[in-house]
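Asks: Contents of run_39.pdb (PDB, C-alpha atoms) are given next:
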ATOM      1  CA  MET K  20     -54.842  20.063  -8.959
ATOM      2  CA  LYS K  21     -52.186  20.556  -6.296
ATOM      3  CA  THR K  22     -50.608  17.184  -7.195
ATOM      4  CA  LEU K  23     -50.469  18.173 -10.865
ATOM      5  CA  THR K  24     -48.801  21.485  -9.962
ATOM      6  CA  ASN K  25     -46.237  19.724  -7.755
ATOM      7  CA  THR K  26     -45.485  17.179 -10.498
ATOM      8  CA  LEU K  27     -44.987  19.908 -13.121
ATOM      9  CA  ALA K  28     -42.754  21.891 -10.775
ATOM     10  CA  THR K  29     -40.664  18.784 -10.052
ATOM     11  CA  LEU K  30     -40.305  18.044 -13.783
ATOM     12  CA  ALA K  31     -39.300  21.643 -14.510
ATOM     13  CA  ILE K  32     -36.603  21.506 -11.822
ATOM     14  CA  ALA K  33     -35.368  18.122 -13.080
ATOM     15  CA  PHE K  34     -35.093  19.352 -16.685
ATOM     16  CA  THR K  35     -33.262  22.465 -15.530
ATOM     17  CA  LEU K  36     -30.735  20.419 -13.525
ATOM     18  CA  VAL K  37     -30.191  17.956 -16.361
ATOM     19  CA  SER K  38     -29.606  20.691 -18.914
ATOM     20  CA  CYS K  39     -27.133  22.408 -16.572
ATOM     21  CA  GLU K  40     -25.248  19.166 -16.013
ATOM     22  CA  LYS K  41     -24.883  18.565 -19.723
ATOM     23  CA  GLU K  42     -23.314  21.979 -20.255
ATOM     24  CA  PHE K  43     -21.080  21.705 -17.204
ATOM     25  CA  TYR K  44     -19.841  18.166 -17.884
ATOM     26  CA  MET K  45     -19.306  18.342 -21.628
ATOM     27  CA  PRO K  46     -16.640  15.765 -22.472
ATOM     28  CA  SER K  47     -13.423  16.972 -24.013
ATOM     29  CA  ALA K  48     -11.420  15.115 -26.614
ATOM     30  CA  ALA K  49      -9.778  11.965 -25.286
ATOM     31  CA  PRO K  50      -6.008  12.203 -24.798
ATOM     32  CA  THR K  51      -3.908  10.527 -27.440
ATOM     33  CA  ALA K  52      -1.814   7.469 -26.613
ATOM     34  CA  GLU K  53       1.354   9.595 -26.820
ATOM     35  CA  GLU K  54      -0.019  12.141 -24.313
ATOM     36  CA  THR K  55      -1.057   9.367 -21.926
ATOM     37  CA  GLU K  56       2.334   7.650 -22.161
ATOM     38  CA  LEU K  57       4.208  10.914 -21.525
ATOM     39  CA  THR K  58       2.003  11.697 -18.524
ATOM     40  CA  ASN K  59       2.477   8.203 -17.085
ATOM     41  CA  GLN K  60       6.254   8.372 -17.531
ATOM     42  CA  GLN K  61       6.454  11.784 -15.867
ATOM     43  CA  ASP K  62       4.337  10.676 -12.899
ATOM     44  CA  MET K  63       6.295   7.502 -12.128
ATOM     45  CA  PRO K  64       9.020   7.882  -9.499
ATOM     46  CA  THR K  65      12.283   6.106 -10.253
ATOM     47  CA  PRO K  66      14.030   3.999  -7.609
ATOM     48  CA  VAL K  67      17.706   4.535  -6.897
ATOM     49  CA  VAL K  68      19.424   1.149  -7.243
ATOM     50  CA  GLY K  69      21.529   0.423  -4.183
ATOM     51  CA  GLU K  70      19.602   2.960  -2.139
ATOM     52  CA  ASP K  71      15.884   2.174  -2.456
ATOM     53  CA  VAL K  72      15.129  -1.395  -1.412
ATOM     54  CA  ALA K  73      11.961  -3.448  -1.175
ATOM     55  CA  GLU K  74      11.512  -5.287   2.083
ATOM     56  CA  LEU K  75       9.559  -8.302   0.849
ATOM     57  CA  LYS K  76       7.304  -9.245   3.752
ATOM     58  CA  SER K  77       5.243 -12.035   2.188
ATOM     59  CA  LEU K  78       5.136 -13.962  -1.060
ATOM     60  CA  TRP K  79       2.129 -15.883  -2.316
ATOM     61  CA  VAL K  80       2.337 -18.176  -5.336
ATOM     62  CA  LYS K  81      -0.683 -19.416  -7.279
ATOM     63  CA  PRO K  82       0.065 -22.028  -9.953
ATOM     64  CA  THR K  83      -2.357 -21.891 -12.895
ATOM     65  CA  GLY K  84      -3.183 -24.000 -15.912
ATOM     66  CA  THR K  85      -1.856 -27.552 -15.779
ATOM     67  CA  TYR K  86      -0.386 -27.039 -12.307
ATOM     68  CA  GLU K  87      -3.310 -25.358 -10.528
ATOM     69  CA  ASN K  88      -3.995 -28.443  -8.362
ATOM     70  CA  VAL K  89      -0.395 -29.184  -7.367
ATOM     71  CA  GLN K  90      -0.037 -29.875  -3.614
ATOM     72  CA  GLY K  91       3.539 -28.690  -3.008
ATOM     73  CA  VAL K  92       5.956 -26.236  -4.636
ATOM     74  CA  ARG K  93       9.529 -25.058  -4.282
ATOM     75  CA  VAL K  94      10.319 -21.396  -4.982
ATOM     76  CA  GLU K  95      13.824 -20.191  -5.712
ATOM     77  CA  ILE K  96      14.709 -16.509  -6.167
ATOM     78  CA  LYS K  97      18.045 -15.466  -7.695
ATOM     79  CA  ASN K  98      19.507 -11.971  -8.009
ATOM     80  CA  ALA K  99      21.122 -10.560 -11.180
ATOM     81  CA  ALA K 100      24.473 -12.147 -10.228
ATOM     82  CA  GLY K 101      22.838 -15.599 -10.084
ATOM     83  CA  GLU K 102      23.057 -15.896  -6.293
ATOM     84  CA  ILE K 103      20.163 -17.590  -4.526
ATOM     85  CA  VAL K 104      18.525 -15.093  -2.160
ATOM     86  CA  PHE K 105      15.573 -17.303  -1.208
ATOM     87  CA  ASN K 106      14.721 -20.990  -1.485
ATOM     88  CA  GLY K 107      11.621 -22.432   0.140
ATOM     89  CA  ILE K 108       9.136 -25.295  -0.026
ATOM     90  CA  ASP K 109       5.471 -25.105   0.936
ATOM     91  CA  VAL K 110       2.631 -27.616   0.978
ATOM     92  CA  ILE K 111      -0.902 -26.348   0.496
ATOM     93  CA  SER K 112      -3.657 -27.308   2.923
ATOM     94  CA  GLN K 113      -7.348 -27.735   2.109
ATOM     95  CA  GLU K 114      -8.343 -24.295   3.383
ATOM     96  CA  ASP K 115      -5.559 -22.441   1.522
ATOM     97  CA  ALA K 116      -5.883 -21.113  -2.011
ATOM     98  CA  MET K 117      -2.171 -20.281  -2.491
ATOM     99  CA  PHE K 118       1.284 -21.182  -1.287
ATOM    100  CA  GLN K 119       2.678 -18.614   1.159
ATOM    101  CA  TRP K 120       6.044 -17.626   2.623
ATOM    102  CA  ASP K 121       6.813 -14.932   5.199
ATOM    103  CA  LEU K 122      10.216 -13.609   4.139
ATOM    104  CA  ASN K 123      11.238 -10.216   5.574
ATOM    105  CA  LEU K 124      14.091  -9.999   3.031
ATOM    106  CA  ASP K 125      15.463  -6.900   1.281
ATOM    107  CA  PHE K 126      15.488  -6.763  -2.532
ATOM    108  CA  GLN K 127      17.200  -4.144  -4.675
ATOM    109  CA  ALA K 128      15.142  -2.289  -7.276
ATOM    110  CA  GLU K 129      16.307  -4.642 -10.025
ATOM    111  CA  THR K 130      15.260  -7.821 -11.822
ATOM    112  CA  TYR K 131      15.235 -11.176 -10.032
ATOM    113  CA  THR K 132      14.680 -14.653 -11.470
ATOM    114  CA  PHE K 133      11.838 -16.589  -9.860
ATOM    115  CA  THR K 134      11.796 -20.357 -10.420
ATOM    116  CA  VAL K 135       8.850 -22.483  -9.297
ATOM    117  CA  LYS K 136       9.033 -26.278  -9.276
ATOM    118  CA  THR K 137       6.773 -29.003  -7.980
ATOM    119  CA  ALA K 138       7.857 -30.583  -4.693
ATOM    120  CA  SER K 139       9.296 -33.489  -6.704
ATOM    121  CA  GLY K 140      11.435 -31.099  -8.806
ATOM    122  CA  ASN K 141       9.470 -30.712 -12.065
ATOM    123  CA  LEU K 142       9.798 -27.196 -13.477
ATOM    124  CA  ILE K 143       6.546 -25.191 -13.446
ATOM    125  CA  SER K 144       7.839 -21.744 -14.388
ATOM    126  CA  THR K 145      10.931 -19.552 -14.614
ATOM    127  CA  SER K 146      10.301 -15.827 -14.920
ATOM    128  CA  GLU K 147      11.820 -12.424 -14.344
ATOM    129  CA  VAL K 148      10.293 -10.093 -11.758
ATOM    130  CA  ASP K 149      11.475  -6.478 -11.893
ATOM    131  CA  PHE K 150      11.180  -4.907  -8.450
ATOM    132  CA  ALA K 151      11.696  -1.446  -9.996
ATOM    133  CA  GLU K 152       8.225  -1.809 -11.572
ATOM    134  CA  ALA K 153       6.778  -2.123  -8.063
ATOM    135  CA  PHE K 154       8.543   0.974  -6.709
ATOM    136  CA  THR K 155       6.503   2.664  -3.933
ATOM    137  CA  GLN K 156       3.809  -0.037  -4.097
ATOM    138  CA  ASP K 157       3.084  -2.136  -1.050
ATOM    139  CA  GLU K 158       1.373  -4.867  -3.062
ATOM    140  CA  PHE K 159       2.496  -6.103  -6.466
ATOM    141  CA  ILE K 160       1.176  -8.848  -8.733
ATOM    142  CA  ALA K 161       3.519 -10.441 -11.254
ATOM    143  CA  ASN K 162       2.044 -12.768 -13.857
ATOM    144  CA  ALA K 163       4.155 -15.462 -15.459
ATOM    145  CA  GLN K 164       3.441 -18.540 -17.516
ATOM    146  CA  ASP K 165       1.596 -21.046 -15.283
ATOM    147  CA  VAL K 166       2.162 -18.952 -12.107
ATOM    148  CA  THR K 167       0.927 -15.731 -10.516
ATOM    149  CA  TYR K 168       3.048 -14.096  -7.801
ATOM    150  CA  TYR K 169       1.567 -11.838  -5.144
ATOM    151  CA  LEU K 170       4.165  -9.768  -3.304
ATOM    152  CA  GLN K 171       3.584  -7.717  -0.156
ATOM    153  CA  MET K 172       6.419  -5.283   0.555
ATOM    154  CA  ASN K 173       7.562  -2.037   2.103
ATOM    155  CA  TRP K 174       9.961   0.330   0.387
ATOM    156  CA  LYS K 175      12.761   1.880   2.426
ATOM    157  CA  LYS K 176      16.240   3.375   2.118
ATOM    158  CA  ALA K 177      19.066   0.847   2.386
ATOM    159  CA  GLU K 178      20.838   0.742   5.744
TER     160      GLU K 178
END
Written as structure tokens, how would this file's structure read?
Replies:
Amino acid sequence: MKTLTNTLATLAIAFTLVSCEKEFYMPSAAPTAEETELTNQQDMPTPVVGEDVAELKSLWVKPTGTYENVQGVRVEIKNAAGEIVFNGIDVISQEDAMFQWDLNLDFQAETYTFTVKTASGNLISTSEVDFAEAFTQDEFIANAQDVTYYLQMNWKKAE
């Protein structure tokens, strides 16, 4: 009899808690796409070109599709004026999943052209990476055709 009383008391408490939760957590109407876009735009900080710079610490490149098993790549990064700011070759080892470069270079909050070629010079991908999209982030992933870029950076004021 005592077990039956305890079970009924437990069920009564459970039903009371569940009914309270339903009233307390009643969902409201979902925000419209326009409201979400406005909120996202208002929340995003804007970099000051020439003042806010990304110190690119490391760059990882992962070829995909036809080129996912390539053994060596060359990466070239050009600024908006067409000047080469980085050019490097890397060969992947068995225990690595991606090509990696340690850079420690400063990049303005603007768009750069990333070109990836095989070690023999065949073009894998040319794409634009906008550093302003990564403002205040310390890790940024940029997807392009046949390549994924993983960038690790710090944001700072230009010196």
Asks: Do you know which residues are at most 6 Å from region 128-133 of chain K counting all atoms listed in the file, after dropping those on the same chain fewer than 2 positions away, and could you put them as number ranges by chain?
Replies: K: 68, 72, 95-98, 145-151
Asks: Applying the PyMOL selection byres ((chain K and resi 170-173) around 6) to the file I just gave you, which residues come out? Please list them as a short mmCIF file (atom, residue, chain, number, x, y, z; two decimals) with C-alpha atoms, in the frame of the given file.
Replies:
data_model
loop_
_atom_site.label_atom_id
_atom_site.label_comp_id
_atom_site.auth_asym_id
_atom_site.auth_seq_id
_atom_site.Cartn_x
_atom_site.Cartn_y
_atom_site.Cartn_z
CA ALA K 73 11.96 -3.45 -1.18
CA GLU K 74 11.51 -5.29 2.08
CA LEU K 75 9.56 -8.30 0.85
CA LYS K 76 7.30 -9.24 3.75
CA SER K 77 5.24 -12.04 2.19
CA LEU K 78 5.14 -13.96 -1.06
CA ASP K 157 3.08 -2.14 -1.05
CA GLU K 158 1.37 -4.87 -3.06
CA PHE K 159 2.50 -6.10 -6.47
CA TYR K 169 1.57 -11.84 -5.14
CA TRP K 174 9.96 0.33 0.39
#
Asks: CA of Asp71 (chain K) and CA of Lys176 (chain K), how far apart in Å?
Replies: 4.7 Å
Asks: Can you work out which one of K:Val67, K:Val92, K:Ala161, K:Ala177 has the shortest atom-to-atom distance to Phe118 (chain K), counting all atoms listed in the file?
Replies: K:Val92
Asks: Of the residues K:Phe105, K:Phe154, K:Phe126, K:Tyr168, which is the one nearest to Trp79 (chain K), using all atoms listed in the file?
Replies: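 With all atoms listed in the file as the atom set, the closest residue is K:Tyr168.
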